[in-house]
$ cat final.cif   # mmCIF, C-alpha atoms
data_structure
loop_
_atom_site.label_atom_id
_atom_site.label_comp_id
_atom_site.auth_asym_id
_atom_site.auth_seq_id
_atom_site.Cartn_x
_atom_site.Cartn_y
_atom_site.Cartn_z
CA MET A 1 -12.87 28.63 -18.89
CA ASN A 2 -13.57 28.79 -22.63
CA PHE A 3 -10.86 28.47 -25.27
CA ASP A 4 -13.00 28.60 -28.45
CA ASP A 5 -11.17 30.42 -31.29
CA ALA A 6 -8.16 31.03 -29.02
CA GLN A 7 -4.64 30.91 -30.47
CA GLY A 8 -2.40 28.12 -29.21
CA TRP A 9 1.32 27.38 -29.43
CA LEU A 10 2.82 23.92 -29.63
CA VAL A 11 4.92 22.98 -26.61
CA GLY A 12 7.39 20.20 -27.42
CA GLU A 13 7.20 17.85 -30.40
CA PRO A 14 4.05 17.05 -32.39
CA HIS A 15 2.20 13.91 -31.22
CA LYS A 16 4.40 13.63 -28.11
CA GLY A 17 2.07 15.44 -25.72
CA LEU A 18 0.57 12.33 -24.13
CA ARG A 19 4.03 10.97 -23.35
CA ALA A 20 4.99 14.30 -21.75
CA MET A 21 1.75 14.35 -19.77
CA PHE A 22 2.41 10.91 -18.33
CA ILE A 23 5.91 11.96 -17.20
CA MET A 24 4.28 14.79 -15.28
CA MET A 25 1.42 12.65 -14.02
CA ASN A 26 3.63 9.79 -12.83
CA ALA A 27 5.60 12.20 -10.64
CA ALA A 28 2.37 13.74 -9.38
CA ARG A 29 0.90 10.30 -8.66
CA LEU A 30 3.84 9.46 -6.42
CA GLY A 31 3.36 12.80 -4.68
CA VAL A 32 -0.31 12.05 -4.09
CA GLY A 33 0.66 8.65 -2.71
CA MET A 34 2.84 10.51 -0.22
CA GLN A 35 -0.19 12.59 0.74
CA GLY A 36 -2.03 9.38 1.58
CA LEU A 37 0.95 8.14 3.58
CA GLY A 38 1.16 11.46 5.41
CA ILE A 39 -2.49 11.18 6.44
CA CYS A 40 -1.81 7.65 7.71
CA GLU A 41 1.10 8.91 9.79
CA VAL A 42 -0.55 11.96 11.35
CA ALA A 43 -3.78 10.05 12.02
CA TYR A 44 -1.81 7.27 13.71
CA GLN A 45 0.24 9.67 15.83
CA ASN A 46 -2.90 11.43 17.08
CA GLY A 47 -4.86 8.23 17.60
CA LEU A 48 -1.99 6.72 19.57
CA ALA A 49 -1.57 9.79 21.79
CA TYR A 50 -5.29 9.81 22.56
CA ALA A 51 -5.40 6.07 23.30
CA LYS A 52 -2.59 6.41 25.82
CA ASP A 53 -4.24 9.37 27.54
CA ARG A 54 -7.98 8.59 27.46
CA LEU A 55 -9.20 6.67 30.52
CA GLN A 56 -12.25 4.45 30.11
CA MET A 57 -13.25 1.19 31.88
CA ARG A 58 -10.81 -1.44 33.06
CA SER A 59 -8.90 -3.96 31.01
CA LEU A 60 -10.76 -7.18 30.21
CA THR A 61 -7.99 -9.12 31.96
CA GLY A 62 -7.78 -6.99 35.08
CA THR A 63 -6.71 -3.52 36.13
CA LYS A 64 -3.60 -2.23 34.38
CA ALA A 65 -3.37 1.24 35.93
CA PRO A 66 -4.46 0.85 39.61
CA GLU A 67 -3.29 4.36 40.45
CA LYS A 68 -5.85 5.81 38.00
CA PRO A 69 -9.66 5.84 38.10
CA ALA A 70 -9.75 3.79 34.87
CA ASP A 71 -7.33 2.22 32.43
CA PRO A 72 -6.16 4.03 29.27
CA ILE A 73 -8.09 2.70 26.28
CA ILE A 74 -4.92 1.35 24.65
CA VAL A 75 -5.37 -1.74 26.87
CA HIS A 76 -8.48 -2.78 24.93
CA PRO A 77 -7.97 -5.32 22.09
CA ASP A 78 -10.07 -3.52 19.47
CA VAL A 79 -8.30 -0.21 20.06
CA ARG A 80 -4.98 -2.02 19.69
CA ARG A 81 -6.24 -3.64 16.48
CA MET A 82 -6.91 -0.23 14.94
CA LEU A 83 -3.59 1.21 16.10
CA LEU A 84 -1.54 -1.81 15.02
CA LYS A 85 -3.19 -1.76 11.61
CA SER A 86 -2.30 1.93 11.33
CA LYS A 87 1.28 1.33 12.44
CA ALA A 88 1.74 -1.68 10.13
CA VAL A 89 0.45 0.13 7.06
CA THR A 90 2.30 3.36 7.77
CA GLU A 91 5.70 1.80 8.38
CA ALA A 92 5.57 -0.64 5.47
CA GLY A 93 4.05 2.03 3.23
CA ARG A 94 6.93 4.32 4.07
CA ALA A 95 9.43 1.57 3.26
CA LEU A 96 7.73 0.94 -0.10
CA SER A 97 7.79 4.66 -0.83
CA TYR A 98 11.48 4.92 0.03
CA TRP A 99 12.25 1.95 -2.21
CA THR A 100 10.36 3.62 -5.04
CA GLY A 101 12.08 6.95 -4.40
CA MET A 102 15.52 5.32 -4.30
CA ASN A 103 14.86 3.70 -7.67
CA LEU A 104 13.62 7.03 -9.03
CA ASP A 105 17.03 8.51 -8.15
CA ILE A 106 18.80 5.53 -9.75
CA ALA A 107 16.70 5.92 -12.89
CA ASN A 108 17.70 9.58 -13.13
CA LYS A 109 21.32 9.53 -11.97
CA HIS A 110 22.99 6.11 -12.29
CA ALA A 111 25.98 5.94 -14.63
CA ASP A 112 24.95 2.55 -16.02
CA GLU A 113 22.20 2.80 -18.64
CA GLY A 114 21.02 -0.73 -17.89
CA LYS A 115 20.63 0.06 -14.19
CA ARG A 116 18.73 3.22 -15.08
CA GLN A 117 16.32 1.20 -17.23
CA GLU A 118 15.76 -1.42 -14.54
CA ALA A 119 15.04 1.24 -11.93
CA ASP A 120 12.74 3.15 -14.28
CA ASP A 121 10.80 -0.05 -14.97
CA LEU A 122 10.29 -0.69 -11.24
CA VAL A 123 9.16 2.89 -10.61
CA ALA A 124 6.68 2.66 -13.48
CA LEU A 125 5.27 -0.58 -12.06
CA LEU A 126 5.02 0.66 -8.48
CA THR A 127 3.61 4.12 -9.26
CA PRO A 128 -0.07 3.08 -9.58
CA ILE A 129 0.29 0.83 -6.51
CA VAL A 130 1.84 3.58 -4.36
CA LYS A 131 -0.76 6.10 -5.51
CA ALA A 132 -3.84 3.92 -5.18
CA TYR A 133 -3.07 1.81 -2.14
CA LEU A 134 -1.59 4.55 0.04
CA THR A 135 -4.41 6.97 -0.71
CA ASP A 136 -7.00 4.26 -0.07
CA MET A 137 -5.29 3.61 3.23
CA GLY A 138 -5.09 7.32 4.02
CA THR A 139 -8.88 7.33 4.11
CA GLU A 140 -9.09 3.94 5.82
CA ILE A 141 -6.50 4.66 8.51
CA GLY A 142 -7.87 8.17 9.01
CA ASN A 143 -11.25 6.61 9.75
CA GLU A 144 -9.77 3.92 12.00
CA CYS A 145 -7.89 6.48 14.09
CA MET A 146 -10.93 8.77 14.23
CA GLN A 147 -12.77 5.71 15.59
CA VAL A 148 -10.19 5.46 18.40
CA TYR A 149 -11.53 8.79 19.66
CA GLY A 150 -15.13 7.60 19.67
CA GLY A 151 -17.55 10.54 19.48
CA HIS A 152 -14.71 12.99 20.10
CA GLY A 153 -13.22 12.05 16.76
CA TYR A 154 -16.23 13.34 14.85
CA ILE A 155 -16.06 16.91 16.14
CA ALA A 156 -13.68 19.61 14.95
CA GLU A 157 -12.06 20.19 18.37
CA TRP A 158 -9.58 17.31 18.02
CA GLY A 159 -8.77 17.76 14.32
CA MET A 160 -9.26 14.12 13.36
CA GLU A 161 -12.27 14.74 11.14
CA GLN A 162 -10.15 17.18 9.13
CA TYR A 163 -7.67 14.43 8.26
CA VAL A 164 -10.49 12.19 7.04
CA ARG A 165 -11.88 14.99 4.84
CA ASP A 166 -8.43 15.86 3.52
CA ALA A 167 -7.67 12.23 2.70
CA ARG A 168 -10.67 11.63 0.47
CA ILE A 169 -9.64 13.77 -2.50
CA ALA A 170 -6.33 11.91 -2.88
CA GLN A 171 -8.22 8.82 -4.07
CA ILE A 172 -9.66 10.90 -6.91
CA TYR A 173 -7.14 13.34 -8.33
CA GLU A 174 -4.16 12.55 -10.60
CA GLY A 175 -6.23 9.65 -11.92
CA THR A 176 -8.82 7.94 -9.75
CA ASN A 177 -7.70 4.77 -8.03
CA GLY A 178 -9.79 2.76 -10.46
CA ILE A 179 -7.70 4.29 -13.25
CA GLN A 180 -4.52 3.35 -11.37
CA ALA A 181 -5.73 -0.25 -11.30
CA LEU A 182 -6.46 -0.17 -15.05
CA ASP A 183 -3.02 1.34 -15.64
CA LEU A 184 -1.46 -1.53 -13.69
CA VAL A 185 -3.22 -4.34 -15.58
CA GLY A 186 -3.65 -2.60 -18.92
CA ARG A 187 -0.32 -0.85 -19.43
CA LYS A 188 2.24 -1.98 -16.87
CA MET A 189 1.51 -5.71 -16.69
CA GLY A 190 1.94 -6.47 -20.38
CA LYS A 191 4.58 -3.89 -21.25
CA SER A 192 7.59 -5.42 -23.02
CA PHE A 193 6.28 -8.96 -22.41
CA GLY A 194 6.15 -8.54 -18.64
CA ARG A 195 9.54 -6.86 -18.23
CA LEU A 196 8.21 -4.43 -15.61
CA LEU A 197 6.69 -7.22 -13.54
CA ARG A 198 10.02 -9.05 -13.46
CA ARG A 199 11.63 -6.05 -11.74
CA PHE A 200 9.45 -6.83 -8.72
CA PHE A 201 8.99 -10.58 -9.04
CA HIS A 202 12.68 -11.43 -9.36
CA PRO A 203 13.96 -9.69 -6.18
CA VAL A 204 11.06 -11.07 -4.15
CA GLN A 205 11.70 -14.61 -5.39
CA LYS A 206 15.41 -14.19 -4.73
CA PHE A 207 14.76 -12.99 -1.17
CA ILE A 208 12.44 -15.93 -0.46
CA SER A 209 14.96 -18.44 -1.82
CA GLU A 210 17.84 -16.98 0.17
CA ASN A 211 15.98 -16.79 3.50
CA GLN A 212 13.48 -19.65 3.60
CA ALA A 213 15.91 -21.93 5.46
CA ASP A 214 16.46 -19.35 8.22
CA GLU A 215 14.31 -20.54 11.14
CA SER A 216 14.04 -17.06 12.62
CA MET A 217 12.56 -15.80 9.33
CA GLN A 218 10.18 -18.64 8.54
CA GLU A 219 7.09 -17.21 10.24
CA PHE A 220 7.47 -14.21 7.90
CA ILE A 221 8.88 -15.84 4.77
CA PHE A 222 6.22 -18.54 4.44
CA PRO A 223 3.23 -16.15 4.40
CA LEU A 224 5.10 -13.98 1.90
CA ALA A 225 5.89 -16.98 -0.29
CA LYS A 226 2.27 -18.20 -0.29
CA SER A 227 0.81 -14.78 -1.10
CA PHE A 228 3.50 -14.18 -3.74
CA ALA A 229 2.67 -17.47 -5.47
CA LYS A 230 -1.00 -16.48 -5.62
CA LEU A 231 -0.05 -13.06 -7.01
CA GLN A 232 1.86 -14.80 -9.80
CA GLN A 233 -1.14 -17.05 -10.44
CA ALA A 234 -3.51 -14.08 -10.58
CA THR A 235 -1.14 -12.27 -12.93
CA ALA A 236 -1.09 -15.21 -15.33
CA MET A 237 -4.88 -15.51 -15.25
CA ILE A 238 -5.44 -11.82 -16.01
CA ALA A 239 -2.89 -11.88 -18.83
CA GLN A 240 -4.45 -14.99 -20.35
CA LYS A 241 -8.11 -14.05 -20.06
CA GLY A 242 -7.57 -10.34 -20.67
CA MET A 243 -6.09 -11.05 -24.10
CA LYS A 244 -9.36 -12.67 -25.17
CA ASN A 245 -11.74 -10.36 -23.31
CA PRO A 246 -10.59 -6.95 -21.98
CA ASP A 247 -13.50 -6.96 -19.51
CA GLU A 248 -11.71 -9.75 -17.64
CA ALA A 249 -8.72 -7.50 -16.98
CA GLY A 250 -10.95 -4.57 -16.08
CA ALA A 251 -13.03 -6.65 -13.68
CA ALA A 252 -9.95 -7.95 -11.90
CA SER A 253 -8.00 -4.69 -11.81
CA SER A 254 -8.91 -3.11 -8.45
CA ASP A 255 -8.71 -6.37 -6.51
CA TYR A 256 -5.45 -7.25 -8.24
CA LEU A 257 -3.88 -3.91 -7.31
CA ARG A 258 -4.88 -4.42 -3.68
CA GLN A 259 -3.50 -7.97 -3.74
CA PHE A 260 -0.25 -6.72 -5.28
CA ALA A 261 0.05 -3.94 -2.69
CA LEU A 262 -0.38 -6.35 0.22
CA VAL A 263 2.34 -8.64 -1.17
CA ALA A 264 4.62 -5.63 -1.67
CA LEU A 265 4.07 -4.56 1.94
CA ALA A 266 4.72 -8.12 3.12
CA TYR A 267 8.03 -8.01 1.25
CA MET A 268 8.88 -4.70 2.92
CA TRP A 269 8.09 -6.20 6.33
CA CYS A 270 10.35 -9.19 5.65
CA LEU A 271 13.20 -6.85 4.73
CA MET A 272 12.63 -4.86 7.93
CA VAL A 273 12.47 -8.01 10.07
CA LYS A 274 15.78 -9.24 8.66
CA ALA A 275 17.42 -5.87 9.37
CA ALA A 276 15.90 -5.72 12.87
CA GLN A 277 17.05 -9.23 13.73
CA ALA A 278 20.61 -8.36 12.71
CA LYS A 279 20.54 -5.29 14.98
CA LEU A 280 19.13 -7.30 17.89
CA GLU A 281 21.75 -10.03 17.51
CA ALA A 282 24.51 -7.42 17.40
CA LYS A 283 22.92 -5.54 20.33
CA GLU A 284 23.14 -2.31 18.36
CA GLY A 285 20.83 0.69 18.48
CA ASP A 286 17.44 0.96 20.15
CA GLN A 287 16.53 -2.63 20.99
CA GLU A 288 12.91 -1.81 21.83
CA PHE A 289 12.52 -0.15 18.43
CA TYR A 290 13.75 -3.27 16.61
CA GLU A 291 11.64 -5.58 18.74
CA SER A 292 8.57 -3.50 17.91
CA LYS A 293 9.35 -3.93 14.20
CA ILE A 294 9.26 -7.71 14.54
CA ILE A 295 6.04 -7.68 16.59
CA THR A 296 4.35 -5.34 14.09
CA ALA A 297 5.50 -7.53 11.20
CA ARG A 298 3.95 -10.54 12.92
CA PHE A 299 0.65 -8.64 13.23
CA PHE A 300 0.76 -7.75 9.53
CA MET A 301 1.45 -11.32 8.42
CA GLN A 302 -1.27 -12.84 10.58
CA ARG A 303 -3.93 -10.13 10.59
CA MET A 304 -3.55 -8.13 7.36
CA LEU A 305 -1.84 -10.25 4.70
CA PRO A 306 -4.72 -12.80 4.72
CA GLU A 307 -6.75 -10.15 2.90
CA ALA A 308 -4.60 -10.94 -0.14
CA ASP A 309 -6.18 -14.43 -0.25
CA GLY A 310 -9.64 -12.89 -0.44
CA ARG A 311 -8.52 -10.49 -3.17
CA PHE A 312 -7.05 -13.44 -5.06
CA LYS A 313 -10.41 -15.21 -4.99
CA MET A 314 -12.13 -12.06 -6.25
CA VAL A 315 -9.64 -11.75 -9.11
CA MET A 316 -10.13 -15.40 -10.06
CA ALA A 317 -13.93 -15.03 -10.03
CA GLY A 318 -13.80 -13.43 -13.48
CA ALA A 319 -15.91 -10.76 -15.14
CA ASP A 320 -19.28 -12.51 -15.47
CA THR A 321 -20.65 -11.49 -12.08
CA LEU A 322 -19.93 -7.84 -12.93
CA MET A 323 -21.05 -7.81 -16.53
CA GLU A 324 -24.11 -10.11 -16.73
CA LEU A 325 -26.63 -7.70 -15.18
CA ASP A 326 -28.31 -5.53 -17.82
CA ALA A 327 -28.12 -1.77 -17.22
CA SER A 328 -31.90 -1.71 -16.76
CA GLY A 329 -31.55 -4.04 -13.79
CA PHE A 330 -29.52 -1.64 -11.65
#
$ encode --input "final.cif" --output "structure tokens"
Amino acid sequence: MNFDDAQGWLVGEPHKGLRAMFIMMNAARLGVGMQGLGICEVAYQNGLAYAKDRLQMRSLTGTKAPEKPADPIIVHPDVRRMLLKSKAVTEAGRALSYWTGMNLDIANKHADEGKRQEADDLVALLTPIVKAYLTDMGTEIGNECMQVYGGHGYIAEWGMEQYVRDARIAQIYEGTNGIQALDLVGRKMGKSFGRLLRRFFHPVQKFISENQADESMQEFIFPLAKSFAKLQQATAMIAQKGMKNPDEAGAASSDYLRQFALVALAYMWCLMVKAAQAKLEAKEGDQEFYESKIITARFFMQRMLPEADGRFKMVMAGADTLMELDASGF
């Protein structure tokens, strides 16, 4: 398309176009995050169905389906690892998305202007995290669930390879995920002296304080508290060093977003565990459903949240290892 010498008409107010564009893009970024979440969900559903149906070998600890010529592959630890990872990300990612969506409604509709501002701040903070992390995981979970199929997953017959191909573009459009990370550390972190960050940090700290004495919650609260403290430490480091050298913020950005997302998902899992425990104690609803929430939360805390420690170390490593190599050395 070529617009040389074309006539144009101003839409909106002069010098307000970028602001209008970001309103549009922020909504689109949340929508793209939902695309990533949708890929996680459909990949998980298909991977799970295949793992329950596909017979291959016997369980490492003895036959589990003696009436069949082999056991279904869901008995194997590594298959369960991939499926539990998919389940843990999908369910917590959906909770984070619902929380963001609820605050989007509050920001648009609440009668109290102060509540609208608080909700709008939280949505602005979470938008790059929802977009980047959930689309990254769309590709990652799509690949994990394709792996459940083995060679079958790579051919068109089962449809899994289509999900992996569909997932990849979501990491690129509406601002690449690297841009989302720069948006988080460059625009959202420092806005209004950290006001946006407080919209997330304060409820998490409040939840930890209110529940840390509950013995039934401690196996979930303590990992959250430790990872949250390191997120605060990383935030302070980026703010401090980034003021002096913007490369420090840029170098930390992608790892920081991933660290932030993992802490946010840990918070979501703690909220779900608390709700599930209340339902189990009251003997209300589907008890197996609530028990599975607690077991999946335990998997996330022990098998997935530790990644946040590694991301923390990467953030704290600084910019030198990225910037010292001359372009001619690549």
$ residues_near_point --input "final.cif" --point "(-7.9, 6.1, -7.2)" --cutoff "9 Å" --atoms "all atoms listed in the file" --output "list in words"
Pro128, Lys131, Ala132, Tyr133, Thr135, Asp136, Ala170, Gln171, Ile172, Tyr173, Glu174, Gly175, Thr176, Asn177, Gly178, Ile179, Gln180 and Ala181 of chain A
$ closest_residue --input "final.cif" --among "A:Val148, A:Leu55, A:Leu126, A:Met217" --to "Phe260 (chain A)" --atoms "all atoms listed in the file"
A:Leu126
$ closest_residue --input "final.cif" --among "A:Met314, A:Ala225, A:Ile106, A:Val185" --to "Glu210 (chain A)" --atoms "all atoms listed in the file"
A:Ala225
$ closest_residue --input "final.cif" --among "A:Ser97, A:Ser192, A:Ser227, A:Thr90" --to "Ile129 (chain A)" --atoms "only C-alpha atoms"
A:Ser97
$ residues_around --input "final.cif" --residues "Asp309 (chain A)" --least-positions-apart "6" --cutoff "10 Å" --atoms "only C-alpha atoms" --output "ChimeraX atom specification"
/A:226-227,230-231,259,262,315
$ write_last_selection --input "final.cif" --atoms "C-alpha atoms" --output "PDB file, in the frame of the given file"
ATOM      1  CA  LYS A 226       2.270 -18.200  -0.290  1.00  0.00           C
ATOM      2  CA  SER A 227       0.810 -14.780  -1.100  1.00  0.00           C
ATOM      3  CA  LYS A 230      -1.000 -16.480  -5.620  1.00  0.00           C
ATOM      4  CA  LEU A 231      -0.050 -13.060  -7.010  1.00  0.00           C
ATOM      5  CA  GLN A 259      -3.500  -7.970  -3.740  1.00  0.00           C
ATOM      6  CA  LEU A 262      -0.380  -6.350   0.220  1.00  0.00           C
ATOM      7  CA  VAL A 315      -9.640 -11.750  -9.110  1.00  0.00           C
TER       8      VAL A 315
END
$ atom_distance --input "final.cif" --atom1 "CA of Ile221 (chain A)" --atom2 "CA of Lys274 (chain A)"
10.3 Å
